[in-house]
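Asks: upload05.pdb is the file, holding PDB, C-alpha atoms:
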ATOM      1  CA  MET A  75       0.000   0.000   0.000
ATOM      2  CA  SER A  76       1.362   3.419  -0.963
ATOM      3  CA  GLY A  77       2.914   5.261   1.981
ATOM      4  CA  SER A  78       2.817   2.264   4.297
ATOM      5  CA  THR A  79       5.676   1.294   6.582
ATOM      6  CA  PRO A  80       5.767  -2.518   6.475
ATOM      7  CA  GLY A  81       6.608  -4.025   9.841
ATOM      8  CA  ARG A  82       6.168  -0.816  11.837
ATOM      9  CA  LEU A  83       3.204  -2.327  13.693
ATOM     10  CA  ALA A  84       4.267  -5.971  13.474
ATOM     11  CA  GLY A  85       3.121  -7.931  16.520
ATOM     12  CA  ASN A  86       0.443  -5.378  17.407
ATOM     13  CA  VAL A  87      -3.258  -6.175  17.671
ATOM     14  CA  ALA A  88      -5.444  -3.247  16.630
ATOM     15  CA  ILE A  89      -9.198  -2.768  16.949
ATOM     16  CA  VAL A  90     -10.728  -0.266  14.536
ATOM     17  CA  THR A  91     -14.350   0.589  15.283
ATOM     18  CA  GLY A  92     -16.640   1.561  12.444
ATOM     19  CA  SER A  93     -14.260  -0.018   9.945
ATOM     20  CA  ALA A  94     -16.661  -1.753   7.573
ATOM     21  CA  ARG A  95     -16.477   1.242   5.237
ATOM     22  CA  GLY A  96     -15.144   4.749   4.693
ATOM     23  CA  ILE A  97     -12.327   6.194   6.777
ATOM     24  CA  GLY A  98     -12.459   3.254   9.181
ATOM     25  CA  TYR A  99     -11.873   0.773   6.368
ATOM     26  CA  ALA A 100      -8.902   2.822   5.146
ATOM     27  CA  ILE A 101      -7.473   2.864   8.671
ATOM     28  CA  ALA A 102      -7.823  -0.901   8.988
ATOM     29  CA  GLU A 103      -6.175  -1.321   5.581
ATOM     30  CA  ARG A 104      -3.239   0.879   6.541
ATOM     31  CA  LEU A 105      -2.657  -0.774   9.920
ATOM     32  CA  LEU A 106      -2.662  -4.151   8.195
ATOM     33  CA  ALA A 107      -0.136  -2.887   5.657
ATOM     34  CA  ASP A 108       2.048  -1.706   8.535
ATOM     35  CA  GLY A 109       1.998  -5.223   9.994
ATOM     36  CA  ALA A 110      -0.702  -5.156  12.663
ATOM     37  CA  ASP A 111      -3.309  -7.853  13.222
ATOM     38  CA  VAL A 112      -6.481  -5.855  12.705
ATOM     39  CA  VAL A 113      -9.971  -6.427  14.087
ATOM     40  CA  VAL A 114     -12.840  -4.956  12.064
ATOM     41  CA  ALA A 115     -15.413  -3.856  14.645
ATOM     42  CA  ASP A 116     -18.720  -2.526  13.378
ATOM     43  CA  ILE A 117     -22.406  -2.499  14.266
ATOM     44  CA  ALA A 118     -23.303  -3.980  10.862
ATOM     45  CA  ALA A 119     -22.493  -7.693  10.889
ATOM     46  CA  GLU A 120     -22.506  -8.503   7.175
ATOM     47  CA  PRO A 121     -20.524  -5.435   6.046
ATOM     48  CA  ALA A 122     -18.005  -6.074   8.842
ATOM     49  CA  ALA A 123     -17.514  -9.673   7.773
ATOM     50  CA  ALA A 124     -17.234  -8.627   4.125
ATOM     51  CA  ALA A 125     -14.680  -5.934   4.977
ATOM     52  CA  ALA A 126     -12.629  -8.373   7.038
ATOM     53  CA  GLY A 127     -12.686 -10.861   4.186
ATOM     54  CA  SER A 128     -11.620  -8.280   1.620
ATOM     55  CA  LEU A 129      -8.868  -6.861   3.810
ATOM     56  CA  GLY A 130      -7.563 -10.290   4.714
ATOM     57  CA  ALA A 131      -7.532 -11.489   1.112
ATOM     58  CA  ALA A 132      -5.481  -8.464   0.052
ATOM     59  CA  VAL A 133      -2.661  -9.287   2.469
ATOM     60  CA  GLY A 134      -3.033 -13.059   2.688
ATOM     61  CA  ARG A 135      -3.967 -13.008   6.369
ATOM     62  CA  ASP A 136      -7.036 -13.812   8.425
ATOM     63  CA  VAL A 137      -8.786 -10.687   9.715
ATOM     64  CA  GLN A 138     -11.203 -10.929  12.627
ATOM     65  CA  SER A 139     -14.555  -9.143  12.534
ATOM     66  CA  VAL A 140     -16.605  -8.339  15.621
ATOM     67  CA  VAL A 141     -20.116  -6.938  15.809
ATOM     68  CA  VAL A 142     -20.293  -4.116  18.343
ATOM     69  CA  ASP A 143     -22.702  -1.380  19.368
ATOM     70  CA  ILE A 144     -20.301   1.139  20.878
ATOM     71  CA  GLY A 145     -23.135   2.941  22.619
ATOM     72  CA  ASP A 146     -23.723  -0.162  24.732
ATOM     73  CA  GLU A 147     -21.255  -0.887  27.531
ATOM     74  CA  ALA A 148     -21.848  -4.652  27.520
ATOM     75  CA  SER A 149     -21.302  -4.793  23.767
ATOM     76  CA  THR A 150     -17.930  -3.037  23.926
ATOM     77  CA  ALA A 151     -16.872  -5.275  26.806
ATOM     78  CA  ALA A 152     -17.791  -8.318  24.720
ATOM     79  CA  MET A 153     -15.775  -6.906  21.816
ATOM     80  CA  ALA A 154     -12.657  -6.569  23.935
ATOM     81  CA  ALA A 155     -13.131 -10.046  25.398
ATOM     82  CA  ALA A 156     -13.467 -11.592  21.935
ATOM     83  CA  VAL A 157     -10.251  -9.933  20.771
ATOM     84  CA  VAL A 158      -8.291 -11.008  23.860
ATOM     85  CA  GLU A 159      -9.634 -14.541  23.541
ATOM     86  CA  ARG A 160      -8.338 -14.783  19.987
ATOM     87  CA  HIS A 161      -5.166 -12.695  20.098
ATOM     88  CA  GLY A 162      -4.217 -12.549  23.772
ATOM     89  CA  CYS A 163      -3.695  -8.781  23.795
ATOM     90  CA  ILE A 164      -4.940  -5.406  22.589
ATOM     91  CA  ASP A 165      -2.249  -2.925  21.599
ATOM     92  CA  VAL A 166      -4.204  -0.336  19.628
ATOM     93  CA  LEU A 167      -7.761   0.965  19.752
ATOM     94  CA  VAL A 168      -8.906   3.338  17.035
ATOM     95  CA  ASN A 169     -12.190   4.946  18.055
ATOM     96  CA  ASN A 170     -13.426   5.722  14.564
ATOM     97  CA  ALA A 171     -17.115   4.771  14.803
ATOM     98  CA  GLY A 172     -19.395   7.762  15.002
ATOM     99  CA  LEU A 173     -22.690   9.200  13.884
ATOM    100  CA  MET A 174     -22.918  11.955  11.287
ATOM    101  CA  ALA A 175     -24.490  10.396   8.211
ATOM    102  CA  GLY A 176     -28.128  11.317   7.859
ATOM    103  CA  LEU A 177     -28.007  14.329  10.167
ATOM    104  CA  ALA A 178     -29.911  17.258   8.710
ATOM    105  CA  ARG A 179     -28.363  20.692   9.124
ATOM    106  CA  ARG A 180     -30.592  22.924  11.242
ATOM    107  CA  PRO A 181     -30.236  25.678  13.877
ATOM    108  CA  PHE A 182     -29.176  24.401  17.299
ATOM    109  CA  ASP A 183     -32.559  25.226  18.850
ATOM    110  CA  GLU A 184     -34.396  23.163  16.231
ATOM    111  CA  ILE A 185     -32.486  19.928  16.818
ATOM    112  CA  PRO A 186     -34.846  17.299  18.291
ATOM    113  CA  VAL A 187     -33.834  16.161  21.761
ATOM    114  CA  ASP A 188     -33.820  12.507  20.770
ATOM    115  CA  GLU A 189     -31.469  13.241  17.857
ATOM    116  CA  TRP A 190     -29.141  15.211  20.157
ATOM    117  CA  ASP A 191     -29.098  12.319  22.630
ATOM    118  CA  ARG A 192     -28.487   9.752  19.888
ATOM    119  CA  VAL A 193     -25.434  11.632  18.587
ATOM    120  CA  MET A 194     -24.023  11.969  22.084
ATOM    121  CA  ALA A 195     -24.705   8.306  22.869
ATOM    122  CA  VAL A 196     -22.749   7.119  19.848
ATOM    123  CA  ASN A 197     -19.987   9.692  19.486
ATOM    124  CA  VAL A 198     -19.196  10.466  23.113
ATOM    125  CA  ARG A 199     -20.466   7.549  25.178
ATOM    126  CA  GLY A 200     -19.316   5.150  22.473
ATOM    127  CA  THR A 201     -15.751   6.464  22.569
ATOM    128  CA  TRP A 202     -15.800   6.296  26.368
ATOM    129  CA  ASN A 203     -17.227   2.762  26.362
ATOM    130  CA  ALA A 204     -14.653   1.413  23.924
ATOM    131  CA  ALA A 205     -11.779   3.005  25.831
ATOM    132  CA  LYS A 206     -13.089   1.512  29.087
ATOM    133  CA  ALA A 207     -13.363  -1.903  27.467
ATOM    134  CA  VAL A 208      -9.732  -2.109  26.339
ATOM    135  CA  THR A 209      -8.114  -0.341  29.289
ATOM    136  CA  PRO A 210      -7.869  -3.352  31.667
ATOM    137  CA  THR A 211      -5.912  -5.301  29.050
ATOM    138  CA  MET A 212      -3.663  -2.359  28.197
ATOM    139  CA  ARG A 213      -3.034  -1.635  31.872
ATOM    140  CA  ALA A 214      -2.026  -5.254  32.452
ATOM    141  CA  GLN A 215       0.346  -5.048  29.469
ATOM    142  CA  GLY A 216       1.763  -1.727  30.612
ATOM    143  CA  SER A 217       1.370  -0.316  27.121
ATOM    144  CA  GLY A 218      -1.127   0.677  24.473
ATOM    145  CA  HIS A 219      -2.238   3.333  22.021
ATOM    146  CA  ILE A 220      -5.729   4.782  21.830
ATOM    147  CA  VAL A 221      -6.446   6.995  18.833
ATOM    148  CA  ASN A 222      -9.756   8.840  18.802
ATOM    149  CA  VAL A 223     -11.211  10.276  15.606
ATOM    150  CA  ALA A 224     -12.300  13.838  16.286
ATOM    151  CA  SER A 225     -13.128  16.582  13.747
ATOM    152  CA  ASP A 226     -11.845  19.991  12.674
ATOM    153  CA  THR A 227     -15.431  21.270  12.891
ATOM    154  CA  THR A 228     -14.736  21.967  16.572
ATOM    155  CA  LEU A 229     -12.191  24.610  15.520
ATOM    156  CA  SER A 230     -14.384  26.449  13.043
ATOM    157  CA  GLY A 231     -17.772  26.029  14.731
ATOM    158  CA  VAL A 232     -19.589  24.702  11.684
ATOM    159  CA  PRO A 233     -23.202  25.918  11.894
ATOM    160  CA  GLY A 234     -26.188  23.621  11.590
ATOM    161  CA  LEU A 235     -24.563  20.627  13.276
ATOM    162  CA  ALA A 236     -24.363  21.715  16.891
ATOM    163  CA  HIS A 237     -24.835  18.208  18.263
ATOM    164  CA  TYR A 238     -22.160  16.673  16.039
ATOM    165  CA  VAL A 239     -19.660  19.487  16.658
ATOM    166  CA  ALA A 240     -20.316  19.419  20.413
ATOM    167  CA  SER A 241     -19.830  15.647  20.479
ATOM    168  CA  LYS A 242     -16.473  15.935  18.729
ATOM    169  CA  GLY A 243     -15.445  18.707  21.129
ATOM    170  CA  ALA A 244     -16.185  16.299  23.956
ATOM    171  CA  ILE A 245     -13.877  13.759  22.308
ATOM    172  CA  ASP A 246     -11.081  16.354  22.288
ATOM    173  CA  ALA A 247     -11.582  16.871  26.019
ATOM    174  CA  LEU A 248     -11.891  13.150  26.752
ATOM    175  CA  THR A 249      -8.659  12.501  24.865
ATOM    176  CA  ARG A 250      -6.758  14.849  27.163
ATOM    177  CA  VAL A 251      -8.300  13.410  30.320
ATOM    178  CA  LEU A 252      -7.541   9.828  29.291
ATOM    179  CA  ALA A 253      -3.980  10.791  28.417
ATOM    180  CA  ARG A 254      -3.497  12.070  31.978
ATOM    181  CA  GLU A 255      -5.214   9.133  33.659
ATOM    182  CA  LEU A 256      -3.618   6.373  31.578
ATOM    183  CA  GLY A 257      -0.134   7.759  31.067
ATOM    184  CA  THR A 258       1.223   6.152  34.226
ATOM    185  CA  HIS A 259       0.248   2.787  32.721
ATOM    186  CA  GLY A 260       2.220   3.382  29.542
ATOM    187  CA  ILE A 261      -0.896   4.075  27.470
ATOM    188  CA  ALA A 262      -0.810   6.962  25.004
ATOM    189  CA  VAL A 263      -4.070   8.621  23.994
ATOM    190  CA  ASN A 264      -4.271  10.985  21.036
ATOM    191  CA  ALA A 265      -6.829  12.115  18.484
ATOM    192  CA  VAL A 266      -6.815  12.923  14.799
ATOM    193  CA  ALA A 267      -9.197  15.638  13.642
ATOM    194  CA  PRO A 268      -9.900  15.256   9.919
ATOM    195  CA  GLY A 269     -11.277  17.952   7.697
ATOM    196  CA  PHE A 270     -13.821  17.168   4.993
ATOM    197  CA  THR A 271     -12.664  13.807   3.643
ATOM    198  CA  ILE A 272     -13.609  12.188   0.341
ATOM    199  CA  THR A 273     -15.840   9.229   1.186
ATOM    200  CA  ASP A 274     -18.938   7.951  -0.610
ATOM    201  CA  ALA A 275     -21.186   9.192   2.199
ATOM    202  CA  ALA A 276     -19.541  12.613   2.322
ATOM    203  CA  LEU A 277     -19.892  13.105  -1.417
ATOM    204  CA  VAL A 278     -23.587  12.171  -1.290
ATOM    205  CA  GLU A 279     -24.535  14.237   1.764
ATOM    206  CA  GLY A 280     -21.927  16.994   1.819
ATOM    207  CA  GLY A 281     -23.495  19.353  -0.705
ATOM    208  CA  ASP A 282     -20.885  21.939  -1.671
ATOM    209  CA  ALA A 283     -18.706  21.168   1.376
ATOM    210  CA  ARG A 284     -16.012  19.624  -0.820
ATOM    211  CA  GLU A 285     -15.575  22.746  -2.937
ATOM    212  CA  ARG A 286     -15.735  25.095   0.054
ATOM    213  CA  SER A 287     -13.191  23.031   1.988
ATOM    214  CA  VAL A 288     -10.685  22.836  -0.851
ATOM    215  CA  ALA A 289     -10.947  26.582  -1.459
ATOM    216  CA  ALA A 290     -10.327  27.335   2.225
ATOM    217  CA  ARG A 291      -7.254  25.114   2.564
ATOM    218  CA  ALA A 292      -3.660  26.283   2.466
ATOM    219  CA  LEU A 293      -3.080  23.206   0.310
ATOM    220  CA  HIS A 294      -5.836  23.468  -2.297
ATOM    221  CA  ARG A 295      -6.605  19.786  -2.547
ATOM    222  CA  ASP A 296      -8.856  16.985  -1.379
ATOM    223  CA  VAL A 297      -8.209  14.933   1.750
ATOM    224  CA  THR A 298      -8.530  11.175   1.264
ATOM    225  CA  PRO A 299      -9.297   8.398   3.768
ATOM    226  CA  ALA A 300      -5.882   6.864   3.081
ATOM    227  CA  GLU A 301      -4.193  10.093   4.182
ATOM    228  CA  ILE A 302      -6.155  10.177   7.448
ATOM    229  CA  ALA A 303      -5.207   6.522   7.918
ATOM    230  CA  GLY A 304      -1.546   7.442   7.598
ATOM    231  CA  VAL A 305      -1.833   9.894  10.489
ATOM    232  CA  VAL A 306      -3.609   7.282  12.597
ATOM    233  CA  ALA A 307      -0.934   4.686  11.808
ATOM    234  CA  PHE A 308       1.734   7.116  12.969
ATOM    235  CA  LEU A 309      -0.083   7.842  16.226
ATOM    236  CA  ALA A 310      -0.497   4.101  16.823
ATOM    237  CA  SER A 311       3.200   3.410  16.356
ATOM    238  CA  ALA A 312       6.412   3.671  18.361
ATOM    239  CA  ASP A 313       7.313   6.677  16.197
ATOM    240  CA  ALA A 314       4.774   8.659  18.242
ATOM    241  CA  GLU A 315       5.980   7.555  21.685
ATOM    242  CA  LEU A 316       6.421  11.165  22.858
ATOM    243  CA  LEU A 317       2.901  12.161  21.871
ATOM    244  CA  THR A 318      -0.076  11.884  24.187
ATOM    245  CA  GLY A 319      -3.036  14.139  24.826
ATOM    246  CA  GLN A 320      -2.600  15.679  21.372
ATOM    247  CA  ILE A 321      -5.259  16.571  18.812
ATOM    248  CA  VAL A 322      -3.625  16.305  15.398
ATOM    249  CA  VAL A 323      -5.572  18.340  12.846
ATOM    250  CA  ALA A 324      -5.363  16.691   9.418
ATOM    251  CA  ASN A 325      -7.177  18.989   6.995
ATOM    252  CA  ALA A 326      -4.585  20.289   4.484
ATOM    253  CA  GLY A 327      -4.441  23.603   6.317
ATOM    254  CA  CYS A 328      -8.119  24.598   6.397
ATOM    255  CA  VAL A 329      -8.021  25.483  10.093
ATOM    256  CA  PHE A 330      -4.812  25.982  12.059
ATOM    257  CA  ARG A 331      -4.287  25.485  15.793
TER     258      ARG A 331
END
Show me the file's structure as structure tokens.
Replies:
Amino acid sequence: MSGSTPGRLAGNVAIVTGSARGIGYAIAERLLADGADVVVADIAAEPAAAAAGSLGAAVGRDVQSVVVDIGDEASTAAMAAAVVERHGCIDVLVNNAGLMAGLARRPFDEIPVDEWDRVMAVNVRGTWNAAKAVTPTMRAQGSGHIVNVASDTTLSGVPGLAHYVASKGAIDALTRVLARELGTHGIAVNAVAPGFTITDAALVEGGDARERSVAARALHRDVTPAEIAGVVAFLASADAELLTGQIVVANAGCVFR
């Protein structure tokens, strides 16, 4: 795979949530190319199994798939248990699963309460649940990398998506707290905050966001899932040992921090 570093993650077991498609699939693909044993974790059973099969066939390795509802604590605990049962360890968790697709843009005071709660349950509670699920294993190992997928919308305050932007802001804050609490156990916790990224869903639902984003960037170009995956792979590797509690903005210079 272009840009990969074969062997950089050899011997590592990595869970990627929401990896049946889109950015999550690209992350799983990159971690595999870098040598990790990857677990495709997704709420959709058939797409997860299909993704695992496709990814495994490409590298000639068996890829585990696990069905998980990250908003449910018992489900994330079962996910972690299934991975430990098969692999004996968990070295990397990529909290990629989240809810944005299908959200209509509307003023903050017109967002239905149940929609607000659903976004928070998936994006915030889900990230918290998954981190809780893998932490006992990582603590026992004395090492681990957690990479949360945030968003650059928290830096620009994108209107019409108050619940989504607020949920990603919470992930920024949670990343810093977890970095403090888990650092003494050798666990690094960082986040990558993508800008508008070219996925099938984004192209269908994004309207003119692609054109506006490219025009606003210092580098006037698209951002691809593979490029976001490269940042995640770095944060999951020994090359990033000095980094924890960081929010790495990967948006081709649309918003600086």
Asks: Please identify all polymer residues within 9 Å of Val196 of chain A, counting all atoms listed in the file, omitting same-chain residues fewer than 6 positions from it, and present them as a PyMOL selection string.
Replies: chain A and resi 143-146+171-173
Asks: Take the PyMOL selection byres ((chain A and resi 156) around 12), run it mentally on this structure, and tell me the resulting residues as a list of chain:residue names.
Replies: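 Matching residues under the PyMOL selection byres ((chain A and resi 156) around 12) are A:Ile89, A:Val113, A:Val114, A:Ala115, A:Gln138, A:Ser139, A:Val140, A:Val141, A:Val142, A:Ser149, A:Thr150, A:Ala151, A:Ala152, A:Met153, A:Ala154, A:Ala155, A:Val157, A:Val158, A:Glu159, A:Arg160, A:His161, A:Gly162, A:Cys163, A:Ile164, A:Ala207, A:Val208.
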Asks: Got a sec: who's within 10 Å of Ala262 of chain A, counting all atoms listed in the file, leaving out chain neighbours fewer than 3 positions off, as a list in words?
Replies: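 These residues fall inside the cut-off: Val166, Ser217, Gly218, His219, Ile220, Val221, Thr249, Leu252, Ala253, Arg254, Glu255, Leu256, Gly257, Thr258, His259, Leu309, Ala310, Ala314, Glu315, Leu316, Leu317, Thr318, Gly319 and Gln320 of chain A.
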Asks: For the PyMOL selection byres ((chain A and resi 197) around 12), applied here, can you spell out every residue it catches as a ChimeraX atom specification?
Replies: /A:91-92,143-146,169-174,190-196,198-204,222-225,237-246,248
Asks: Quick check on the file I pasted: which residues fall under the PyMOL selection byres ((chain A and resi 305) around 10)? Write them as a list in words.
Replies: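 Applying the PyMOL selection byres ((chain A and resi 305) around 10) to the structure shown produces Ile101, Arg104, Val221, Ala265, Val266, Ala267, Pro268, Ala300, Glu301, Ile302, Ala303, Gly304, Val306, Ala307, Phe308, Leu309, Ala310, Val322, Val323 and Ala324 of chain A.
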Asks: When distances are computed from only C-alpha atoms, which of A:Ala312, A:Leu167, A:Cys328, A:Val251 shows the smallest separation from Val288 of chain A?
Replies: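 Among the listed residues, A:Cys328 lies closest to Val288 of chain A.
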Asks: Could you check which of A:Thr298, A:Asn325, A:Gly176, A:Ala123 is closest to Ala275 of chain A, using all atoms listed in the file?
Replies: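 Among A:Thr298, A:Asn325, A:Gly176, A:Ala123, it is A:Gly176 that comes nearest to Ala275 of chain A.
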Asks: Could you tell me how far atom CA of Arg250 of chain A lies from atom CA of Met212 of chain A, in Å and to one decimal?
Replies: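 Distance between the two atoms: 17.5 Å.
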Asks: Give me, please, the distance in Å between atom CA of Val297 of chain A and atom CA of Asp108 of chain A, quoted to one decimal.
Replies: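 These two atoms are separated by 20.7 Å.
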Asks: Rounded to one decimal, what separation in Å do you get between atom CA of Val168 of chain A and atom CA of Ala124 of chain A?
Replies: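 Spanning atom CA of Val168 of chain A to atom CA of Ala124 of chain A is a straight-line distance of 19.5 Å.
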Asks: Generate N, CA and C atoms for segment 218-240 of chain A and emit them as a compact mmCIF listing (two decimals), in the frame of the given file.
Replies:
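The result, written out as selection_38.txt:
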# COMPACT_ATOMS: atom_id res chain seq x y z
N GLY A 218 0.01 0.62 25.37
CA GLY A 218 -1.13 0.68 24.47
C GLY A 218 -1.24 2.04 23.82
N HIS A 219 -1.95 2.08 22.71
CA HIS A 219 -2.24 3.33 22.02
C HIS A 219 -3.74 3.41 21.75
N ILE A 220 -4.34 4.50 22.17
CA ILE A 220 -5.73 4.78 21.83
C ILE A 220 -5.73 6.01 20.93
N VAL A 221 -6.34 5.88 19.77
CA VAL A 221 -6.45 7.00 18.83
C VAL A 221 -7.92 7.27 18.59
N ASN A 222 -8.37 8.44 18.99
CA ASN A 222 -9.76 8.84 18.80
C ASN A 222 -9.89 9.67 17.53
N VAL A 223 -10.97 9.48 16.81
CA VAL A 223 -11.21 10.28 15.61
C VAL A 223 -12.14 11.43 15.98
N ALA A 224 -11.58 12.62 15.94
CA ALA A 224 -12.30 13.84 16.29
C ALA A 224 -12.74 14.53 14.99
N SER A 225 -12.71 15.85 14.95
CA SER A 225 -13.13 16.58 13.75
C SER A 225 -12.63 18.02 13.83
N ASP A 226 -12.26 18.59 12.66
CA ASP A 226 -11.84 19.99 12.67
C ASP A 226 -13.03 20.94 12.75
N THR A 227 -14.26 20.41 12.74
CA THR A 227 -15.43 21.27 12.89
C THR A 227 -15.46 21.94 14.26
N THR A 228 -14.76 21.36 15.24
CA THR A 228 -14.74 21.97 16.57
C THR A 228 -13.91 23.25 16.58
N LEU A 229 -13.05 23.42 15.59
CA LEU A 229 -12.19 24.61 15.52
C LEU A 229 -12.85 25.75 14.77
N SER A 230 -13.75 25.41 13.85
CA SER A 230 -14.38 26.45 13.04
C SER A 230 -15.83 26.70 13.44
N GLY A 231 -16.40 25.84 14.28
CA GLY A 231 -17.77 26.03 14.73
C GLY A 231 -18.77 25.94 13.60
N VAL A 232 -18.71 24.87 12.85
CA VAL A 232 -19.59 24.70 11.68
C VAL A 232 -21.05 24.83 12.10
N PRO A 233 -21.79 25.74 11.51
CA PRO A 233 -23.20 25.92 11.89
C PRO A 233 -24.08 24.81 11.36
N GLY A 234 -25.20 24.58 12.04
CA GLY A 234 -26.19 23.62 11.59
C GLY A 234 -25.99 22.21 12.09
N LEU A 235 -24.86 21.97 12.76
CA LEU A 235 -24.56 20.63 13.28
C LEU A 235 -24.08 20.72 14.72
N ALA A 236 -24.81 21.45 15.52
CA ALA A 236 -24.36 21.72 16.89
C ALA A 236 -24.12 20.44 17.68
N HIS A 237 -24.99 19.44 17.50
CA HIS A 237 -24.84 18.21 18.26
C HIS A 237 -23.58 17.45 17.84
N TYR A 238 -23.35 17.37 16.53
CA TYR A 238 -22.16 16.67 16.04
C TYR A 238 -20.89 17.40 16.47
N VAL A 239 -20.85 18.72 16.30
CA VAL A 239 -19.66 19.49 16.66
C VAL A 239 -19.41 19.40 18.16
N ALA A 240 -20.47 19.51 18.96
CA ALA A 240 -20.32 19.42 20.41
C ALA A 240 -19.80 18.04 20.82
